[in-house]
Amino acid sequence: VRAFQHAFSTNDCSRNVYIKKNGFTLHRNPIAQSTDGARTKIGFSEGRHAWEVWWEGPLGTVAVIGIATKRAPMQCQGYVALLGSDDQSWGWNLVDNNLLHNGEVNGSFPQCNNAPKYQIGERIRVILDMEDKTLAFERGYEFLGVAFRGLPKACLYPAVSAVYGNTEVTLVYLGKPLDG
């Protein structure tokens, strides 16, 4: 029940996506020259939170996971990294392993030599720590590191953006992250 309360919002997503009945899976319709995203129903301004995200279809040229305020757009023209395109969102583009914020690439991620590319169906755990104001990622049981530091004292929502037609992205809230 708690995970469903934190699922994608059917009222806070691009018009080019629909949220499947399970509430956890976004389906992007095959619309040309559009980048489309969705936010969850509940955002966070305090505490520590974790959720998992995985693609159930092709990534396309841009596939971004991260966080956004309510002011960040969830749709735009062209195939771009929508999450991270402004100062209201932070994202990790799984296609090219770049971190994005304020319309700029903030380095590659994870920071290791020959970082492996995301594989379809692979679960990425996202960890938002509003006390330390950080966003970190894990793949499987491997901690990939802190991607963003100095997040604002604002309500931040788990979010994704996709460009590939008929791809599906699932997001499931886990609760407080397990340390160690």
# chains A, B, ... in the order shown; residues from 1 in each chain; ligands from 1
call {"tool": "select_by_dssp", "arguments": {"residues": "chain A", "states": "strand (DSSP E)", "output": "compact mmCIF listing (two decimals) with N, CA, C and O atoms, in the first residue's frame"}}
result
# COMPACT_ATOMS: atom_id res chain seq x y z
N PHE A 8 3.81 6.54 -9.61
CA PHE A 8 3.68 7.64 -10.57
C PHE A 8 2.32 8.32 -10.44
O PHE A 8 1.31 7.66 -10.23
N SER A 9 2.31 9.60 -10.63
CA SER A 9 1.07 10.38 -10.62
C SER A 9 0.49 10.42 -12.03
O SER A 9 1.17 10.81 -12.97
N THR A 10 -0.79 10.04 -12.16
CA THR A 10 -1.45 10.12 -13.46
C THR A 10 -1.76 11.56 -13.84
O THR A 10 -2.02 11.85 -15.00
N ASN A 11 -1.67 12.48 -12.87
CA ASN A 11 -1.94 13.90 -13.12
C ASN A 11 -0.68 14.74 -13.28
O ASN A 11 -0.77 15.94 -13.50
N ASP A 12 0.48 14.12 -13.12
CA ASP A 12 1.73 14.88 -13.15
C ASP A 12 2.72 14.19 -14.09
O ASP A 12 3.81 13.78 -13.68
N CYS A 13 2.28 14.06 -15.35
CA CYS A 13 3.13 13.42 -16.36
C CYS A 13 2.82 14.03 -17.72
O CYS A 13 1.83 14.75 -17.88
N VAL A 17 2.37 10.04 -22.26
CA VAL A 17 2.57 8.80 -21.52
C VAL A 17 1.27 8.45 -20.82
O VAL A 17 0.41 9.31 -20.61
N TYR A 18 1.14 7.19 -20.48
CA TYR A 18 0.07 6.83 -19.57
C TYR A 18 0.65 5.91 -18.51
O TYR A 18 1.64 5.21 -18.73
N ILE A 19 0.05 5.99 -17.34
CA ILE A 19 0.47 5.16 -16.22
C ILE A 19 -0.42 3.92 -16.23
O ILE A 19 -1.65 4.02 -16.22
N THR A 25 4.12 1.59 -13.47
CA THR A 25 4.75 1.52 -14.78
C THR A 25 4.22 2.60 -15.71
O THR A 25 3.02 2.72 -15.91
N LEU A 26 5.16 3.36 -16.27
CA LEU A 26 4.86 4.39 -17.26
C LEU A 26 5.01 3.77 -18.64
O LEU A 26 5.98 3.03 -18.88
N HIS A 27 4.08 4.03 -19.54
CA HIS A 27 4.19 3.61 -20.94
C HIS A 27 4.27 4.86 -21.79
O HIS A 27 3.38 5.70 -21.72
N ARG A 28 5.36 4.99 -22.57
CA ARG A 28 5.51 6.16 -23.43
C ARG A 28 4.95 5.82 -24.80
O ARG A 28 5.37 4.86 -25.45
N SER A 34 9.52 14.08 -29.31
CA SER A 34 9.03 14.48 -28.00
C SER A 34 9.80 13.73 -26.92
O SER A 34 10.14 12.56 -27.10
N THR A 35 10.09 14.43 -25.84
CA THR A 35 10.65 13.79 -24.65
C THR A 35 9.59 13.91 -23.57
O THR A 35 9.01 14.98 -23.36
N ASP A 36 9.34 12.79 -22.89
CA ASP A 36 8.21 12.72 -21.98
C ASP A 36 8.62 12.15 -20.64
O ASP A 36 9.40 11.21 -20.57
N GLY A 37 8.06 12.73 -19.58
CA GLY A 37 8.42 12.29 -18.24
C GLY A 37 7.23 12.18 -17.33
O GLY A 37 6.09 12.49 -17.69
N ALA A 38 7.53 11.74 -16.11
CA ALA A 38 6.52 11.63 -15.06
C ALA A 38 7.19 11.76 -13.71
O ALA A 38 8.36 11.40 -13.54
N ARG A 39 6.42 12.30 -12.77
CA ARG A 39 6.83 12.41 -11.37
C ARG A 39 5.94 11.49 -10.54
O ARG A 39 4.84 11.13 -10.95
N THR A 40 6.37 11.19 -9.34
CA THR A 40 5.56 10.41 -8.42
C THR A 40 4.53 11.30 -7.72
O THR A 40 4.60 12.53 -7.80
N ARG A 48 15.29 10.19 4.59
CA ARG A 48 16.06 9.42 3.63
C ARG A 48 15.11 8.44 2.95
O ARG A 48 14.30 7.80 3.62
N HIS A 49 15.22 8.34 1.62
CA HIS A 49 14.28 7.56 0.84
C HIS A 49 15.00 6.79 -0.26
O HIS A 49 15.99 7.26 -0.81
N ALA A 50 14.45 5.62 -0.60
CA ALA A 50 15.02 4.81 -1.67
C ALA A 50 13.89 4.28 -2.56
O ALA A 50 12.78 4.00 -2.08
N TRP A 51 14.19 4.17 -3.85
CA TRP A 51 13.25 3.56 -4.80
C TRP A 51 14.05 2.90 -5.90
O TRP A 51 15.22 3.21 -6.10
N GLU A 52 13.41 1.95 -6.58
CA GLU A 52 14.04 1.27 -7.70
C GLU A 52 13.38 1.67 -9.00
O GLU A 52 12.16 1.90 -9.05
N VAL A 53 14.20 1.77 -10.06
CA VAL A 53 13.72 2.11 -11.38
C VAL A 53 14.32 1.12 -12.37
O VAL A 53 15.50 0.77 -12.25
N TRP A 54 13.51 0.66 -13.32
CA TRP A 54 14.05 -0.16 -14.40
C TRP A 54 13.24 0.02 -15.67
O TRP A 54 12.06 0.27 -15.63
N TRP A 55 13.97 -0.04 -16.78
CA TRP A 55 13.39 0.07 -18.12
C TRP A 55 12.97 -1.33 -18.56
O TRP A 55 13.74 -2.27 -18.44
N ALA A 63 17.60 8.38 -21.83
CA ALA A 63 16.78 7.74 -20.79
C ALA A 63 17.31 8.22 -19.45
O ALA A 63 18.42 7.85 -19.06
N VAL A 64 16.55 9.06 -18.75
CA VAL A 64 17.06 9.72 -17.55
C VAL A 64 16.23 9.36 -16.33
O VAL A 64 15.00 9.38 -16.37
N ILE A 65 16.92 9.06 -15.22
CA ILE A 65 16.28 8.85 -13.94
C ILE A 65 16.83 9.85 -12.94
O ILE A 65 17.98 10.27 -13.04
N GLY A 66 15.98 10.28 -12.01
CA GLY A 66 16.45 11.23 -11.02
C GLY A 66 15.33 11.83 -10.21
O GLY A 66 14.37 11.14 -9.85
N ILE A 67 15.44 13.15 -9.97
CA ILE A 67 14.48 13.86 -9.14
C ILE A 67 14.13 15.20 -9.78
O ILE A 67 14.90 15.73 -10.59
N ALA A 68 12.97 15.73 -9.39
CA ALA A 68 12.53 17.02 -9.93
C ALA A 68 11.61 17.70 -8.94
O ALA A 68 10.91 17.04 -8.17
N GLN A 75 7.45 17.48 -20.22
CA GLN A 75 7.36 17.24 -21.66
C GLN A 75 8.07 18.36 -22.38
O GLN A 75 8.03 19.51 -21.94
N CYS A 76 8.75 18.02 -23.48
CA CYS A 76 9.37 19.04 -24.32
C CYS A 76 9.55 18.50 -25.73
O CYS A 76 9.47 17.30 -25.96
N GLN A 77 9.80 19.40 -26.65
CA GLN A 77 10.03 19.04 -28.06
C GLN A 77 11.42 18.43 -28.22
O GLN A 77 12.36 18.80 -27.53
N SER A 89 15.64 20.18 -11.79
CA SER A 89 15.74 18.72 -11.87
C SER A 89 17.20 18.27 -11.96
O SER A 89 18.07 19.01 -12.40
N TRP A 90 17.41 17.02 -11.54
CA TRP A 90 18.72 16.39 -11.50
C TRP A 90 18.56 14.99 -12.04
O TRP A 90 17.66 14.26 -11.61
N GLY A 91 19.42 14.58 -12.99
CA GLY A 91 19.22 13.25 -13.55
C GLY A 91 20.50 12.58 -14.02
O GLY A 91 21.53 13.22 -14.25
N TRP A 92 20.40 11.27 -14.15
CA TRP A 92 21.47 10.42 -14.68
C TRP A 92 20.95 9.83 -15.98
O TRP A 92 19.97 9.08 -15.99
N ASN A 93 21.60 10.20 -17.09
CA ASN A 93 21.24 9.64 -18.39
C ASN A 93 21.90 8.27 -18.52
O ASN A 93 23.12 8.17 -18.63
N ASN A 98 25.94 10.17 -18.25
CA ASN A 98 26.20 11.55 -17.85
C ASN A 98 25.24 11.99 -16.76
O ASN A 98 24.07 11.61 -16.75
N LEU A 99 25.75 12.85 -15.85
CA LEU A 99 24.92 13.49 -14.84
C LEU A 99 24.50 14.85 -15.38
O LEU A 99 25.32 15.58 -15.95
N LEU A 100 23.22 15.21 -15.18
CA LEU A 100 22.67 16.42 -15.77
C LEU A 100 21.96 17.28 -14.73
O LEU A 100 21.17 16.78 -13.93
N HIS A 101 22.24 18.57 -14.78
CA HIS A 101 21.54 19.56 -13.96
C HIS A 101 21.74 20.94 -14.59
O HIS A 101 22.81 21.24 -15.08
N GLU A 104 23.24 21.35 -18.07
CA GLU A 104 24.66 21.07 -18.28
C GLU A 104 25.01 19.65 -17.86
O GLU A 104 24.39 19.10 -16.94
N VAL A 105 26.02 19.09 -18.50
CA VAL A 105 26.56 17.81 -18.09
C VAL A 105 27.49 18.07 -16.91
O VAL A 105 28.41 18.88 -17.00
N ASN A 106 27.23 17.39 -15.79
CA ASN A 106 28.03 17.54 -14.58
C ASN A 106 28.98 16.37 -14.37
O ASN A 106 29.18 15.92 -13.26
N GLY A 107 29.52 15.84 -15.47
CA GLY A 107 30.47 14.75 -15.39
C GLY A 107 29.83 13.41 -15.71
O GLY A 107 28.62 13.29 -15.88
N SER A 108 30.68 12.40 -15.80
CA SER A 108 30.19 11.06 -16.10
C SER A 108 29.92 10.32 -14.79
O SER A 108 30.46 10.67 -13.74
N ILE A 124 17.96 -0.17 -10.90
CA ILE A 124 18.80 0.87 -10.31
C ILE A 124 18.10 1.37 -9.06
O ILE A 124 16.92 1.73 -9.11
N ARG A 125 18.80 1.36 -7.95
CA ARG A 125 18.25 1.90 -6.71
C ARG A 125 18.70 3.35 -6.59
O ARG A 125 19.88 3.66 -6.75
N VAL A 126 17.74 4.22 -6.32
CA VAL A 126 18.00 5.65 -6.17
C VAL A 126 17.85 5.97 -4.69
O VAL A 126 16.86 5.57 -4.06
N ILE A 127 18.82 6.69 -4.14
CA ILE A 127 18.81 7.01 -2.71
C ILE A 127 18.87 8.52 -2.54
O ILE A 127 19.87 9.16 -2.89
N LEU A 128 17.79 9.09 -2.01
CA LEU A 128 17.70 10.52 -1.76
C LEU A 128 17.84 10.76 -0.27
O LEU A 128 17.06 10.22 0.53
N ASP A 129 18.84 11.53 0.12
CA ASP A 129 19.07 11.87 1.53
C ASP A 129 18.87 13.37 1.70
O ASP A 129 19.73 14.16 1.33
N THR A 134 21.82 14.88 -0.65
CA THR A 134 22.54 14.14 -1.69
C THR A 134 21.59 13.19 -2.42
O THR A 134 20.56 12.77 -1.89
N LEU A 135 22.00 12.85 -3.65
CA LEU A 135 21.32 11.84 -4.45
C LEU A 135 22.38 10.84 -4.89
O LEU A 135 23.39 11.22 -5.47
N ALA A 136 22.14 9.56 -4.59
CA ALA A 136 23.10 8.50 -4.91
C ALA A 136 22.38 7.37 -5.65
O ALA A 136 21.15 7.30 -5.65
N PHE A 137 23.18 6.49 -6.28
CA PHE A 137 22.62 5.38 -7.04
C PHE A 137 23.34 4.08 -6.70
O PHE A 137 24.53 4.09 -6.38
N GLU A 138 22.60 2.97 -6.79
CA GLU A 138 23.15 1.62 -6.67
C GLU A 138 22.67 0.80 -7.86
O GLU A 138 21.58 1.04 -8.37
N ARG A 139 23.49 -0.15 -8.29
CA ARG A 139 23.10 -1.09 -9.34
C ARG A 139 23.26 -2.48 -8.72
O ARG A 139 24.36 -2.82 -8.31
N GLU A 142 25.61 -3.03 -5.69
CA GLU A 142 26.84 -2.23 -5.77
C GLU A 142 26.51 -0.75 -5.64
O GLU A 142 25.73 -0.20 -6.42
N PHE A 143 27.09 -0.12 -4.62
CA PHE A 143 26.92 1.32 -4.44
C PHE A 143 27.76 2.04 -5.48
O PHE A 143 28.97 1.84 -5.55
N LEU A 144 27.12 2.85 -6.33
CA LEU A 144 27.84 3.53 -7.41
C LEU A 144 28.39 4.88 -7.00
O LEU A 144 29.22 5.45 -7.70
N GLY A 145 27.91 5.40 -5.88
CA GLY A 145 28.42 6.68 -5.39
C GLY A 145 27.35 7.76 -5.35
O GLY A 145 26.23 7.59 -5.83
N VAL A 146 27.75 8.88 -4.75
CA VAL A 146 26.88 10.05 -4.69
C VAL A 146 26.99 10.78 -6.03
O VAL A 146 28.09 11.11 -6.47
N ALA A 147 25.87 11.03 -6.65
CA ALA A 147 25.85 11.69 -7.95
C ALA A 147 25.70 13.20 -7.80
O ALA A 147 26.32 13.97 -8.54
N PHE A 148 24.87 13.62 -6.86
CA PHE A 148 24.61 15.06 -6.67
C PHE A 148 24.70 15.41 -5.19
O PHE A 148 24.19 14.67 -4.35
N ARG A 149 25.33 16.54 -4.92
CA ARG A 149 25.44 17.08 -3.57
C ARG A 149 24.85 18.49 -3.55
O ARG A 149 24.73 19.13 -4.59
N TYR A 157 10.76 15.19 -6.05
CA TYR A 157 9.97 14.03 -6.45
C TYR A 157 10.81 13.07 -7.29
O TYR A 157 11.51 13.52 -8.20
N PRO A 158 10.71 11.77 -7.03
CA PRO A 158 11.30 10.82 -7.97
C PRO A 158 10.70 11.05 -9.36
O PRO A 158 9.49 11.32 -9.48
N ALA A 159 11.53 10.96 -10.40
CA ALA A 159 11.05 11.25 -11.76
C ALA A 159 11.89 10.50 -12.78
O ALA A 159 13.02 10.08 -12.51
N VAL A 160 11.31 10.35 -13.98
CA VAL A 160 12.01 9.75 -15.12
C VAL A 160 11.63 10.52 -16.37
O VAL A 160 10.58 11.17 -16.41
N SER A 161 12.48 10.45 -17.40
CA SER A 161 12.10 10.97 -18.71
C SER A 161 12.61 10.01 -19.78
O SER A 161 13.68 9.42 -19.64
N ALA A 162 11.77 9.84 -20.82
CA ALA A 162 12.06 8.85 -21.86
C ALA A 162 11.73 9.41 -23.24
O ALA A 162 10.91 10.32 -23.37
N GLU A 168 8.63 1.10 -21.63
CA GLU A 168 7.97 1.17 -20.33
C GLU A 168 9.03 1.27 -19.24
O GLU A 168 10.08 0.64 -19.32
N VAL A 169 8.73 2.10 -18.23
CA VAL A 169 9.63 2.33 -17.12
C VAL A 169 8.85 2.09 -15.83
O VAL A 169 7.76 2.62 -15.66
N THR A 170 9.42 1.29 -14.95
CA THR A 170 8.78 0.99 -13.68
C THR A 170 9.56 1.64 -12.54
O THR A 170 10.79 1.64 -12.55
N LEU A 171 8.83 2.20 -11.58
CA LEU A 171 9.41 2.84 -10.40
C LEU A 171 8.66 2.33 -9.19
O LEU A 171 7.43 2.43 -9.13
N VAL A 172 9.39 1.78 -8.21
CA VAL A 172 8.79 1.26 -6.99
C VAL A 172 9.51 1.85 -5.78
O VAL A 172 10.73 1.70 -5.62
N TYR A 173 8.73 2.52 -4.93
CA TYR A 173 9.27 3.11 -3.69
C TYR A 173 9.58 2.01 -2.69
O TYR A 173 8.77 1.10 -2.47
N LEU A 174 10.76 2.09 -2.06
CA LEU A 174 11.20 1.05 -1.12
C LEU A 174 11.12 1.51 0.34
O LEU A 174 11.13 0.68 1.24
N GLY A 175 11.14 2.82 0.59
CA GLY A 175 11.17 3.32 1.96
C GLY A 175 12.55 3.81 2.32
O GLY A 175 13.31 4.27 1.46
call {"tool": "closest_atom_pairs", "arguments": {"of": "range 40-97 of chain A", "to": "range 113-117 of chain A", "cutoff": "9 Å", "atoms": "only C-alpha atoms", "output": "CSV"}}
result
residue,atom,partner,partner_atom,distance
A:Leu94,CA,A:Lys117,CA,7.1
A:Val95,CA,A:Lys117,CA,7.0
A:Asp96,CA,A:Lys117,CA,7.6
A:Asn97,CA,A:Lys117,CA,7.2
call {"tool": "write_last_selection", "arguments": {"atoms": "C-alpha atoms", "output": "PDB file, in the first residue's frame"}}
result
ATOM      1  CA  LEU A  94      21.592   5.859 -18.545  1.00  0.00           C
ATOM      2  CA  VAL A  95      22.472   5.949 -22.264  1.00  0.00           C
ATOM      3  CA  ASP A  96      25.704   7.937 -22.027  1.00  0.00           C
ATOM      4  CA  ASN A  97      26.359   7.763 -18.245  1.00  0.00           C
TER       5      ASN A  97
END
call {"tool": "select_by_dssp", "arguments": {"residues": "chain A", "states": "alpha helix (DSSP H)", "output": "ChimeraX atom specification"}}
result
/A:2-5
call {"tool": "write_last_selection", "arguments": {"atoms": "all heavy atoms", "output": "PDB file, in the first residue's frame"}}
result
ATOM      1  N   ARG A   2       1.928   1.274   0.839  1.00  0.00           N
ATOM      2  CA  ARG A   2       2.796   2.442   0.903  1.00  0.00           C
ATOM      3  C   ARG A   2       3.464   2.702  -0.444  1.00  0.00           C
ATOM      4  O   ARG A   2       3.534   3.834  -0.904  1.00  0.00           O
ATOM      5  CB  ARG A   2       3.856   2.268   1.989  1.00  0.00           C
ATOM      6  CG  ARG A   2       4.796   3.479   2.086  1.00  0.00           C
ATOM      7  CD  ARG A   2       5.873   3.261   3.084  1.00  0.00           C
ATOM      8  NE  ARG A   2       6.713   2.156   2.643  1.00  0.00           N
ATOM      9  CZ  ARG A   2       7.775   1.738   3.296  1.00  0.00           C
ATOM     10  NH1 ARG A   2       8.128   2.291   4.410  1.00  0.00           N
ATOM     11  NH2 ARG A   2       8.494   0.746   2.828  1.00  0.00           N
ATOM     12  N   ALA A   3       3.929   1.633  -1.097  1.00  0.00           N
ATOM     13  CA  ALA A   3       4.577   1.797  -2.406  1.00  0.00           C
ATOM     14  C   ALA A   3       3.601   2.404  -3.406  1.00  0.00           C
ATOM     15  O   ALA A   3       3.988   3.253  -4.216  1.00  0.00           O
ATOM     16  CB  ALA A   3       5.105   0.459  -2.909  1.00  0.00           C
ATOM     17  N   PHE A   4       2.331   1.997  -3.361  1.00  0.00           N
ATOM     18  CA  PHE A   4       1.346   2.535  -4.301  1.00  0.00           C
ATOM     19  C   PHE A   4       1.106   4.024  -4.053  1.00  0.00           C
ATOM     20  O   PHE A   4       0.907   4.792  -4.994  1.00  0.00           O
ATOM     21  CB  PHE A   4       0.025   1.758  -4.217  1.00  0.00           C
ATOM     22  CG  PHE A   4      -0.953   2.171  -5.277  1.00  0.00           C
ATOM     23  CD1 PHE A   4      -0.760   1.799  -6.605  1.00  0.00           C
ATOM     24  CD2 PHE A   4      -2.041   2.963  -4.962  1.00  0.00           C
ATOM     25  CE1 PHE A   4      -1.642   2.198  -7.595  1.00  0.00           C
ATOM     26  CE2 PHE A   4      -2.936   3.364  -5.950  1.00  0.00           C
ATOM     27  CZ  PHE A   4      -2.733   2.979  -7.260  1.00  0.00           C
ATOM     28  N   GLN A   5       1.151   4.461  -2.801  1.00  0.00           N
ATOM     29  CA  GLN A   5       0.992   5.883  -2.481  1.00  0.00           C
ATOM     30  C   GLN A   5       2.121   6.703  -3.096  1.00  0.00           C
ATOM     31  O   GLN A   5       1.956   7.882  -3.363  1.00  0.00           O
ATOM     32  CB  GLN A   5       0.954   6.097  -0.967  1.00  0.00           C
ATOM     33  CG  GLN A   5      -0.255   5.516  -0.298  1.00  0.00           C
ATOM     34  CD  GLN A   5      -0.151   5.552   1.214  1.00  0.00           C
ATOM     35  OE1 GLN A   5       0.933   5.430   1.787  1.00  0.00           O
ATOM     36  NE2 GLN A   5      -1.285   5.720   1.864  1.00  0.00           N
TER      37      GLN A   5
END
call {"tool": "atom_distance", "arguments": {"atom1": "CA of Pro177 in chain A", "atom2": "CA of Leu151 in chain A"}}
result
18.0 Å
call {"tool": "atom_distance", "arguments": {"atom1": "CA of Val62 in chain A", "atom2": "CA of Val80 in chain A"}}
result
6.4 Å
call {"tool": "residues_around", "arguments": {"residues": "Lys153 in chain A", "least_positions_apart": "5", "cutoff": "9 Å", "atoms": "only C-alpha atoms", "output": "number ranges by chain"}}
result
A: 45-46, 130, 133
